[in-house]
$ cat final-v5.csv   # CSV, C-alpha atoms and all ligand atoms
chain,number,residue,atom,x,y,z
G,1361,MET,CA,137.8,-114.1,260.4
G,1362,VAL,CA,135.8,-111.7,258.3
G,1363,ASP,CA,132.2,-111.5,259.6
G,1364,PRO,CA,129.9,-111.0,256.6
G,1365,TRP,CA,127.1,-109.7,258.8
G,1366,HIS,CA,129.2,-106.7,259.8
G,1367,THR,CA,131.0,-106.2,256.5
G,1368,ASN,CA,128.2,-106.9,254.0
G,1369,GLY,CA,125.3,-105.9,256.3
G,1370,ILE,CA,121.7,-106.3,255.4
G,1371,ALA,CA,119.3,-104.6,253.0
G,1372,VAL,CA,115.8,-103.5,253.9
G,1373,ILE,CA,113.5,-102.8,250.9
G,1374,GLY,CA,110.7,-100.4,251.7
G,1375,ALA,CA,111.1,-97.3,253.9
G,1376,GLY,CA,107.6,-97.2,255.3
G,1377,VAL,CA,106.4,-97.9,258.8
G,1378,MET,CA,107.9,-101.4,259.0
G,1379,GLY,CA,111.0,-101.0,256.8
G,1380,VAL,CA,112.3,-98.0,258.9
G,1381,GLY,CA,111.5,-99.8,262.1
G,1382,ILE,CA,113.4,-102.9,261.0
G,1383,ALA,CA,116.3,-100.7,259.9
G,1384,ALA,CA,116.4,-99.1,263.3
G,1385,LEU,CA,116.4,-102.5,265.0
G,1386,ALA,CA,119.4,-103.6,262.9
G,1387,VAL,CA,121.4,-100.3,263.1
G,1388,ALA,CA,120.9,-100.4,266.9
G,1389,HIS,CA,122.4,-103.9,267.0
G,1390,GLY,CA,125.5,-102.7,265.0
G,1391,LEU,CA,124.6,-104.0,261.6
G,1392,PRO,CA,125.2,-101.9,258.5
G,1393,VAL,CA,121.8,-101.3,256.7
G,1394,THR,CA,121.1,-100.4,253.1
G,1395,LEU,CA,117.5,-99.0,253.0
G,1396,VAL,CA,115.9,-99.0,249.5
G,1397,ASP,CA,112.6,-97.3,248.5
G,1398,ILE,CA,111.3,-95.7,245.3
G,1399,ASP,CA,110.0,-92.7,247.2
G,1400,ASP,CA,112.7,-90.1,247.8
G,1401,ASP,CA,110.7,-88.4,250.6
G,1402,LYS,CA,110.5,-91.7,252.6
G,1403,LEU,CA,114.2,-92.1,252.3
G,1404,ALA,CA,114.9,-88.5,253.3
G,1405,ARG,CA,112.9,-88.9,256.5
G,1406,ALA,CA,114.4,-92.3,257.4
G,1407,PRO,CA,117.7,-91.3,259.1
G,1408,GLU,CA,115.9,-89.0,261.6
G,1409,LEU,CA,113.2,-91.7,262.3
G,1410,VAL,CA,115.9,-94.4,262.8
G,1411,THR,CA,117.6,-92.2,265.4
G,1412,SER,CA,114.4,-91.4,267.2
G,1413,TYR,CA,113.2,-95.1,267.2
G,1414,THR,CA,116.6,-96.2,268.5
G,1415,ARG,CA,116.4,-93.6,271.3
G,1416,VAL,CA,112.9,-94.9,272.2
G,1417,GLY,CA,114.0,-98.5,272.1
G,1418,MET,CA,117.0,-97.8,274.4
G,1419,LEU,CA,114.8,-95.8,276.9
G,1420,MET,CA,112.4,-98.7,277.1
G,1421,GLY,CA,115.3,-101.2,277.6
G,1422,LYS,CA,114.5,-103.0,274.4
G,1423,LEU,CA,117.6,-102.0,272.4
G,1424,PRO,CA,121.3,-102.3,273.5
G,1425,ARG,CA,123.1,-99.2,274.8
G,1426,GLY,CA,126.8,-98.4,274.4
G,1427,GLY,CA,127.6,-100.4,271.3
G,1428,THR,CA,128.7,-98.9,268.0
G,1429,PRO,CA,125.6,-98.4,265.8
G,1430,GLY,CA,125.6,-99.7,262.3
G,1431,THR,CA,125.6,-97.3,259.3
G,1432,LEU,CA,122.5,-96.5,257.4
G,1433,THR,CA,122.7,-96.0,253.6
G,1434,THR,CA,119.8,-95.2,251.4
G,1435,ALA,CA,119.2,-96.0,247.8
G,1436,THR,CA,116.4,-95.9,245.2
G,1437,THR,CA,117.3,-99.1,243.2
G,1438,LEU,CA,117.5,-102.7,244.2
G,1439,ASP,CA,121.0,-103.3,242.9
G,1440,ALA,CA,122.2,-101.5,246.1
G,1441,ALA,CA,121.1,-104.7,247.9
G,1442,ALA,CA,123.7,-106.8,246.0
G,1443,PRO,CA,126.4,-107.1,248.7
G,1444,ALA,CA,123.8,-107.8,251.5
G,1445,TRP,CA,124.1,-111.0,253.6
G,1446,ALA,CA,120.3,-110.9,254.1
G,1447,VAL,CA,117.5,-108.9,252.7
G,1448,VAL,CA,114.2,-108.0,254.4
G,1449,GLU,CA,111.5,-107.0,251.9
G,1450,ALA,CA,108.9,-104.6,253.5
G,1451,VAL,CA,107.2,-103.0,250.5
G,1452,THR,CA,103.5,-102.3,250.1
G,1453,GLU,CA,101.2,-105.4,250.7
G,1454,HIS,CA,100.4,-105.9,246.9
G,1455,ALA,CA,101.2,-109.4,245.6
G,1456,GLU,CA,102.4,-108.2,242.2
G,1457,THR,CA,104.6,-105.5,243.7
G,1458,LYS,CA,106.2,-108.0,246.1
G,1459,ALA,CA,106.6,-110.7,243.5
G,1460,LYS,CA,108.3,-108.2,241.2
G,1461,VAL,CA,110.7,-106.9,243.9
G,1462,LEU,CA,111.6,-110.4,245.1
G,1463,ALA,CA,112.1,-111.7,241.6
G,1464,GLU,CA,114.6,-108.9,240.9
G,1465,LEU,CA,116.3,-109.2,244.3
G,1466,SER,CA,116.8,-112.9,243.7
G,1467,THR,CA,118.8,-112.1,240.5
G,1468,VAL,CA,120.8,-109.3,242.2
G,1469,VAL,CA,122.1,-110.9,245.4
G,1470,ASP,CA,124.5,-113.9,245.7
G,1471,PRO,CA,123.0,-117.4,245.9
G,1472,GLY,CA,122.4,-118.3,249.5
G,1473,THR,CA,121.6,-114.7,250.6
G,1474,LEU,CA,118.6,-114.9,252.9
G,1475,LEU,CA,115.4,-113.3,251.3
G,1476,ALA,CA,112.9,-112.6,254.0
G,1477,THR,CA,109.6,-111.1,253.1
G,1478,ASN,CA,107.7,-109.1,255.8
G,1479,THR,CA,104.4,-109.8,254.0
G,1480,SER,CA,101.3,-109.8,256.3
G,1481,ALA,CA,99.4,-112.4,254.4
G,1482,ILE,CA,100.8,-113.6,251.1
G,1483,PRO,CA,101.9,-117.3,251.3
G,1484,VAL,CA,105.7,-117.8,251.0
G,1485,ALA,CA,105.1,-120.5,248.4
G,1486,GLU,CA,103.3,-118.0,246.2
G,1487,LEU,CA,106.1,-115.4,246.4
G,1488,ALA,CA,108.8,-118.1,246.1
G,1489,ALA,CA,107.4,-119.0,242.6
G,1490,ALA,CA,108.4,-115.5,241.4
G,1491,THR,CA,112.1,-115.9,242.4
G,1492,ILE,CA,114.9,-117.8,240.8
G,1493,ARG,CA,115.9,-119.3,244.1
G,1494,PRO,CA,112.8,-120.3,246.1
G,1495,ALA,CA,115.0,-122.1,248.7
G,1496,ASP,CA,116.4,-118.8,249.9
G,1497,LEU,CA,112.9,-117.2,250.7
G,1498,LEU,CA,110.9,-117.3,253.9
G,1499,ALA,CA,108.6,-114.9,255.7
G,1500,THR,CA,109.7,-112.9,258.8
G,1501,HIS,CA,106.4,-111.3,259.9
G,1502,PHE,CA,107.9,-108.6,262.2
G,1503,MET,CA,105.1,-106.7,264.0
G,1504,ASN,CA,104.9,-103.0,264.7
G,1505,PRO,CA,107.0,-101.6,266.2
G,1506,PRO,CA,109.7,-104.1,265.3
G,1507,TYR,CA,112.4,-102.5,267.5
G,1508,LEU,CA,110.2,-103.1,270.6
G,1509,ILE,CA,108.7,-106.5,270.0
G,1510,ASP,CA,111.0,-109.4,270.7
G,1511,ALA,CA,109.2,-112.2,268.9
G,1512,VAL,CA,108.7,-112.6,265.2
G,1513,GLU,CA,106.2,-114.9,263.4
G,1514,VAL,CA,108.3,-116.8,260.9
G,1515,ALA,CA,106.7,-118.9,258.1
G,1516,ARG,CA,108.7,-121.5,256.2
G,1517,GLY,CA,107.5,-122.2,252.7
G,1518,ALA,CA,107.4,-125.7,251.2
G,1519,GLN,CA,110.6,-124.9,249.3
G,1520,THR,CA,112.4,-122.9,252.0
G,1521,GLY,CA,115.8,-124.6,252.5
G,1522,ASP,CA,117.6,-125.5,255.8
G,1523,ALA,CA,120.4,-123.0,254.9
G,1524,ALA,CA,117.9,-120.1,254.8
G,1525,MET,CA,116.5,-121.2,258.2
G,1526,ALA,CA,120.0,-121.4,259.6
G,1527,ARG,CA,120.9,-117.9,258.2
G,1528,LEU,CA,117.8,-116.5,259.8
G,1529,GLY,CA,118.8,-118.1,263.1
G,1530,GLU,CA,122.1,-116.1,262.9
G,1531,LEU,CA,120.3,-112.9,262.0
G,1532,PHE,CA,117.9,-113.2,264.9
G,1533,GLU,CA,120.8,-114.0,267.3
G,1534,LEU,CA,122.4,-110.7,266.2
G,1535,LEU,CA,119.1,-108.8,266.6
G,1536,GLY,CA,118.1,-110.4,269.8
G,1537,ARG,CA,114.9,-111.7,268.2
G,1538,ARG,CA,113.0,-115.0,268.8
G,1539,ALA,CA,111.3,-116.8,265.9
G,1540,ILE,CA,107.9,-118.4,266.4
G,1541,VAL,CA,107.8,-120.7,263.4
G,1542,VAL,CA,104.4,-121.5,261.9
G,1543,GLY,CA,103.1,-123.2,258.7
G,1544,ASP,CA,102.7,-121.3,255.4
G,1545,GLY,CA,99.2,-120.1,254.2
G,1546,PRO,CA,97.2,-116.9,253.8
G,1547,GLY,CA,97.8,-114.6,256.8
G,1548,PHE,CA,99.9,-117.3,258.5
G,1549,VAL,CA,98.6,-117.5,262.1
G,1550,SER,CA,98.4,-113.9,263.2
G,1551,ASN,CA,96.6,-112.2,260.4
G,1552,HIS,CA,94.4,-115.2,259.6
G,1553,VAL,CA,92.8,-114.5,263.0
G,1554,LEU,CA,93.5,-110.8,263.6
G,1555,MET,CA,92.2,-109.4,260.3
G,1556,ARG,CA,88.8,-111.0,260.6
G,1557,MET,CA,88.6,-109.6,264.1
G,1558,ILE,CA,89.5,-106.1,263.0
G,1559,ASN,CA,87.1,-106.3,260.1
G,1560,ASP,CA,84.3,-107.5,262.3
G,1561,ALA,CA,85.0,-104.8,264.9
G,1562,ALA,CA,84.9,-102.2,262.0
G,1563,ARG,CA,81.5,-103.7,260.9
G,1564,LEU,CA,80.1,-103.2,264.4
G,1565,VAL,CA,81.1,-99.5,264.2
G,1566,THR,CA,79.4,-99.2,260.8
G,1567,GLN,CA,76.3,-100.8,262.2
G,1568,GLY,CA,76.3,-98.4,265.1
G,1569,ARG,CA,76.5,-101.1,267.7
G,1570,ALA,CA,79.2,-99.3,269.6
G,1571,GLU,CA,81.8,-96.5,269.3
G,1572,PRO,CA,85.4,-97.5,268.5
G,1573,ALA,CA,86.5,-96.7,272.1
G,1574,ARG,CA,83.7,-98.9,273.7
G,1575,ILE,CA,84.6,-101.8,271.4
G,1576,ASP,CA,88.3,-101.5,272.3
G,1577,GLU,CA,87.5,-101.2,276.0
G,1578,VAL,CA,85.7,-104.5,276.0
G,1579,PHE,CA,89.0,-106.1,274.9
G,1580,THR,CA,91.3,-104.1,277.2
G,1581,GLU,CA,89.1,-103.8,280.3
G,1582,CYS,CA,87.1,-107.0,280.2
G,1583,LEU,CA,89.4,-109.4,278.4
G,1584,GLY,CA,92.8,-108.1,279.5
G,1585,HIS,CA,94.2,-107.5,275.9
G,1586,ARG,CA,96.9,-104.9,275.7
G,1587,THR,CA,95.1,-103.0,272.9
G,1588,GLY,CA,91.7,-103.4,271.3
G,1589,PRO,CA,91.3,-104.4,267.6
G,1590,LEU,CA,90.5,-100.8,266.3
G,1591,ALA,CA,93.5,-99.2,268.1
G,1592,THR,CA,95.6,-102.1,266.7
G,1593,ALA,CA,94.2,-101.3,263.2
G,1594,ASP,CA,95.2,-97.7,263.6
G,1595,LEU,CA,98.7,-98.8,264.6
G,1596,ILE,CA,99.1,-101.1,261.7
G,1597,GLY,CA,97.7,-98.5,259.2
G,1598,LEU,CA,94.2,-98.8,257.8
G,1599,ASP,CA,95.5,-98.8,254.2
G,1600,ASN,CA,97.6,-101.8,255.1
G,1601,VAL,CA,94.6,-103.5,256.8
G,1602,VAL,CA,92.5,-103.1,253.7
G,1603,ASP,CA,95.3,-104.4,251.5
G,1604,THR,CA,95.8,-107.4,253.8
G,1605,LEU,CA,92.1,-108.1,253.8
G,1606,ALA,CA,92.1,-108.1,250.0
G,1607,VAL,CA,95.0,-110.6,250.0
G,1608,LEU,CA,93.1,-112.9,252.4
G,1609,PHE,CA,89.7,-112.6,250.6
G,1610,GLU,CA,91.3,-113.3,247.2
G,1611,ARG,CA,93.0,-116.4,248.5
G,1612,THR,CA,90.3,-117.8,250.8
G,1613,GLY,CA,87.0,-116.4,249.4
G,1614,GLU,CA,85.8,-116.1,253.1
G,1615,ASP,CA,83.3,-113.4,253.6
G,1616,ALA,CA,84.9,-112.5,256.9
G,1617,TYR,CA,87.7,-110.9,254.9
G,1618,ARG,CA,85.5,-108.8,252.6
G,1619,ALA,CA,86.6,-105.3,253.8
G,1620,ASP,CA,83.9,-103.3,255.6
G,1621,GLU,CA,82.7,-100.5,253.4
G,1622,GLU,CA,83.3,-97.8,256.0
G,1623,LEU,CA,86.8,-99.1,256.6
G,1624,VAL,CA,87.5,-98.7,252.9
G,1625,ALA,CA,85.9,-95.2,252.9
G,1626,ARG,CA,88.1,-94.1,255.8
G,1627,VAL,CA,91.2,-95.1,253.8
G,1628,ARG,CA,89.9,-93.3,250.7
G,1629,ALA,CA,89.5,-90.2,252.9
G,1630,GLY,CA,93.1,-90.4,253.9
G,1631,ARG,CA,92.4,-91.6,257.5
G,1632,HIS,CA,95.2,-94.2,257.5
G,1633,GLY,CA,95.5,-94.5,261.3
G,1634,ARG,CA,98.4,-93.2,263.5
G,1635,LYS,CA,100.8,-92.5,260.6
G,1636,SER,CA,98.3,-90.0,259.0
G,1637,GLY,CA,97.1,-88.5,262.3
G,1638,ALA,CA,93.6,-90.1,262.2
G,1639,GLY,CA,91.9,-93.4,261.7
G,1640,PHE,CA,89.3,-94.8,264.0
G,1641,TYR,CA,90.8,-92.3,266.5
G,1642,ASP,CA,92.2,-88.8,266.1
G,1643,TYR,CA,95.9,-88.4,267.1
G,1644,GLY,CA,96.5,-84.7,266.5
G,1645,SER,CA,99.9,-85.4,264.9
G,1646,THR,CA,101.4,-88.1,262.7
G,1647,ALA,CA,103.4,-90.9,264.4
B,1701,LIG,N1,102.2,-101.8,259.4
B,1701,LIG,C1,102.2,-102.9,260.2
B,1701,LIG,O1,101.8,-102.9,261.4
B,1701,LIG,C2,102.7,-104.2,259.6
B,1701,LIG,C3,103.0,-105.2,260.4
B,1701,LIG,C4,103.5,-106.4,259.9
B,1701,LIG,C5,103.8,-106.5,258.6
B,1701,LIG,N2,103.5,-105.5,257.7
B,1701,LIG,C6,103.8,-105.6,256.3
B,1701,LIG,O2,105.0,-105.0,256.1
B,1701,LIG,C7,105.0,-104.5,254.7
B,1701,LIG,C8,105.2,-103.0,254.7
B,1701,LIG,O3,104.2,-102.4,255.5
B,1701,LIG,P1,104.2,-100.9,256.0
B,1701,LIG,O4,103.2,-100.7,257.0
B,1701,LIG,O5,105.6,-100.5,256.3
B,1701,LIG,O6,103.8,-100.1,254.6
B,1701,LIG,P2,104.0,-98.6,254.2
B,1701,LIG,O7,103.0,-98.3,253.2
B,1701,LIG,O8,104.3,-97.7,255.4
B,1701,LIG,O9,105.5,-98.7,253.4
B,1701,LIG,C9,105.6,-99.4,252.2
B,1701,LIG,C10,106.8,-98.8,251.5
B,1701,LIG,O10,107.1,-99.6,250.3
B,1701,LIG,C11,107.6,-98.7,249.3
B,1701,LIG,N3,107.5,-99.4,248.0
B,1701,LIG,C12,106.5,-99.7,247.3
B,1701,LIG,N4,106.8,-100.3,246.2
B,1701,LIG,C13,108.2,-100.4,246.2
B,1701,LIG,C14,109.2,-100.9,245.3
B,1701,LIG,N5,108.8,-101.5,244.2
B,1701,LIG,N6,110.5,-100.8,245.7
B,1701,LIG,C15,110.8,-100.3,246.8
B,1701,LIG,N7,110.0,-99.7,247.7
B,1701,LIG,C16,108.7,-99.8,247.4
B,1701,LIG,C17,106.7,-97.5,249.4
B,1701,LIG,O11,107.2,-96.4,248.8
B,1701,LIG,C18,106.6,-97.4,251.0
B,1701,LIG,O12,107.5,-96.5,251.5
B,1701,LIG,C19,103.7,-104.9,254.1
B,1701,LIG,O13,103.8,-106.1,253.5
B,1701,LIG,C20,102.8,-105.0,255.3
B,1701,LIG,O14,101.7,-105.9,255.1
B,1701,LIG,C21,103.0,-104.3,258.2
$ encode --input "final-v5.csv" --output "C-alpha cells"
Amino acid sequence: MVDPWHTNGIAVIGAGVMGVGIAALAVAHGLPVTLVDIDDDKLARAPELVTSYTRVGMLMGKLPRGGTPGTLTTATTLDAAAPAWAVVEAVTEHAETKAKVLAELSTVVDPGTLLATNTSAIPVAELAAATIRPADLLATHFMNPPYLIDAVEVARGAQTGDAAMARLGELFELLGRRAIVVGDGPGFVSNHVLMRMINDAARLVTQGRAEPARIDEVFTECLGHRTGPLATADLIGLDNVVDTLAVLFERTGEDAYRADEELVARVRAGRHGRKSGAGFYDYGSTA
C-alpha cells in the first residue's frame, strides 16, 4: 500500500529557529520535508543546520540512528506545499502574517491535509477563521529545540475536527512525539504562564533588583528548574518573546504582558538572544 507520509511528505513553513528544528526532526525520522520561507538566506543555511541538528539529536540519543533520512527540499512559495500530507506553519509570531499564510495554505493543499500552526500564543479559533477549512487546523506548540524535546503542547480549537486530531496522532507516532492536549486560548497553557514570568524577571533586571545570572540561579539552584526564565528567553529569542507578549497583551489586556521597556530596547539593539550571539547573556557566537 502507498504510504502518503513517505510519498507526499510534510511541508514546514518558516525556516527560522523552529522551522529548521522541526524539519530536522522529520528528516531524521525518514519523512520527506519541503521547507518554505520568503528569505533565501534562511533557506540557504537550512540544509547544513538540519544535518548538524540531526547529528546532535543522534548523539544525545533523541533521534533514531541507522534509518534512511528523509529528503529536504526548499522553496520560496507556498504552492510547493501542495502535495504535503501535513503542513506545520512556523512563521514569525504576527497574527496577520500567520492568518495570511494559513489562509493561502488552506486553498493550496488537499482537503483533509493537516494544518498545524506552531504559534506561541494566538488562539487556534482566531487563525481558523482565516482559513477555508477550519476543521483541518490545530496548534502544535513544539518547543525549542524540537528535535530534542519529546512532548508537544497541542491545542484543539473549537472547530478542529476528529480527522485532524487523528492525522496528528499518526504524525506524532512517526516522529516519536507525545501530545499534551490543552484547551484553546491566548498562550495556551505554557506561554500564558511562562511569558508573564519572563517579563517579570526582565522587569526585575530593569529595576536593578538582581543581575540576570542571579535571577536565573534562584530558579535553577533553589527551585530545581532546568533553566531560569532569562536563559529560557534567550533560547526562545527575545524578538519572539516581545512578539508573543504583544499577542497576549492585545488579547487579554493584562498588564503582566505589557513588555518591559528594556526588553524591547534589547530587541531594538539587535540583542535577540542565542541566535544573535547576545541577549540577557553574551554567547560569543550565534547558535
Ligand atoms: N523560538 C522558540 O523558542 C519558539 C518556541 C515555540 C514556538 N515558537 C513559535 O514558532 C514560530 C516561529 O518562531 P521562530 O523562533 O522560528 O522565528 P524566527 O524568527 O526564527 O523564524 C520565522 C521565519 O518565518 C519566516 N517568514 C515570515 N513570514 C513568512 C511568510 N509569509 N512565508 C514564509 N516564511 C515567512 C521568516 O523569514 C523567518 O525565517 C513563531 O510562531 C513562534 O512564536 C517559537
$ closest_residue --input "final-v5.csv" --among "G:His1552, G:Ala1490, G:Asp1620, G:Asp1594" --to "Gly1633 (chain G)" --atoms "all atoms listed in the file"
G:Asp1594
$ residues_near_ligand --input "final-v5.csv" --ligand "ligand LIG 1701 (chain B)" --cutoff "8 Å" --atoms "all atoms listed in the file" --output "ChimeraX atom specification"
/G:1373-1380,1396-1399,1402,1436-1438,1449-1454,1457-1458,1460-1461,1477-1481,1501-1505,1593,1595-1597,1599-1601,1603-1604
$ closest_residue --input "final-v5.csv" --among "G:Ala1388, G:Leu1395, G:Val1468, G:Leu1598" --to "Ile1558 (chain G)" --atoms "all atoms listed in the file"
G:Leu1598
$ atom_distance --input "final-v5.csv" --atom1 "CA of Gly1613 (chain G)" --atom2 "CA of Asp1544 (chain G)"
17.5 Å
$ atom_distance --input "final-v5.csv" --atom1 "CA of Ala1518 (chain G)" --atom2 "CA of Glu1530 (chain G)"
21.1 Å
$ closest_residue --input "final-v5.csv" --among "G:Val1602, G:Val1393, G:Leu1487, G:Leu1608" --to "Val1627 (chain G)" --atoms "only C-alpha atoms"
G:Val1602
$ residues_around --input "final-v5.csv" --residues "Gly1369 (chain G)" --least-positions-apart "5" --cutoff "8 Å" --atoms "all atoms listed in the file" --output "count of residues only"
9
$ closest_residue --input "final-v5.csv" --among "G:Arg1618, G:Arg1537, G:Arg1516, G:Arg1563" --to "Leu1605 (chain G)" --atoms "only C-alpha atoms"
G:Arg1618
$ residues_near_point --input "final-v5.csv" --point "(94.0, -89.7, 260.3)" --cutoff "8 Å" --atoms "only C-alpha atoms" --output "compact mmCIF listing (two decimals) with C-alpha atoms, in the coordinates of the input"
# COMPACT_ATOMS: atom_id res chain seq x y z
CA GLY G 1630 93.10 -90.40 253.90
CA ARG G 1631 92.40 -91.60 257.50
CA HIS G 1632 95.20 -94.20 257.50
CA GLY G 1633 95.50 -94.50 261.30
CA ARG G 1634 98.40 -93.20 263.50
CA LYS G 1635 100.80 -92.50 260.60
CA SER G 1636 98.30 -90.00 259.00
CA GLY G 1637 97.10 -88.50 262.30
CA ALA G 1638 93.60 -90.10 262.20
CA GLY G 1639 91.90 -93.40 261.70
CA PHE G 1640 89.30 -94.80 264.00
CA TYR G 1641 90.80 -92.30 266.50
CA ASP G 1642 92.20 -88.80 266.10
CA TYR G 1643 95.90 -88.40 267.10
CA THR G 1646 101.40 -88.10 262.70
$ atom_distance --input "final-v5.csv" --atom1 "CA of Gly1529 (chain G)" --atom2 "CA of Gly1427 (chain G)"
21.4 Å
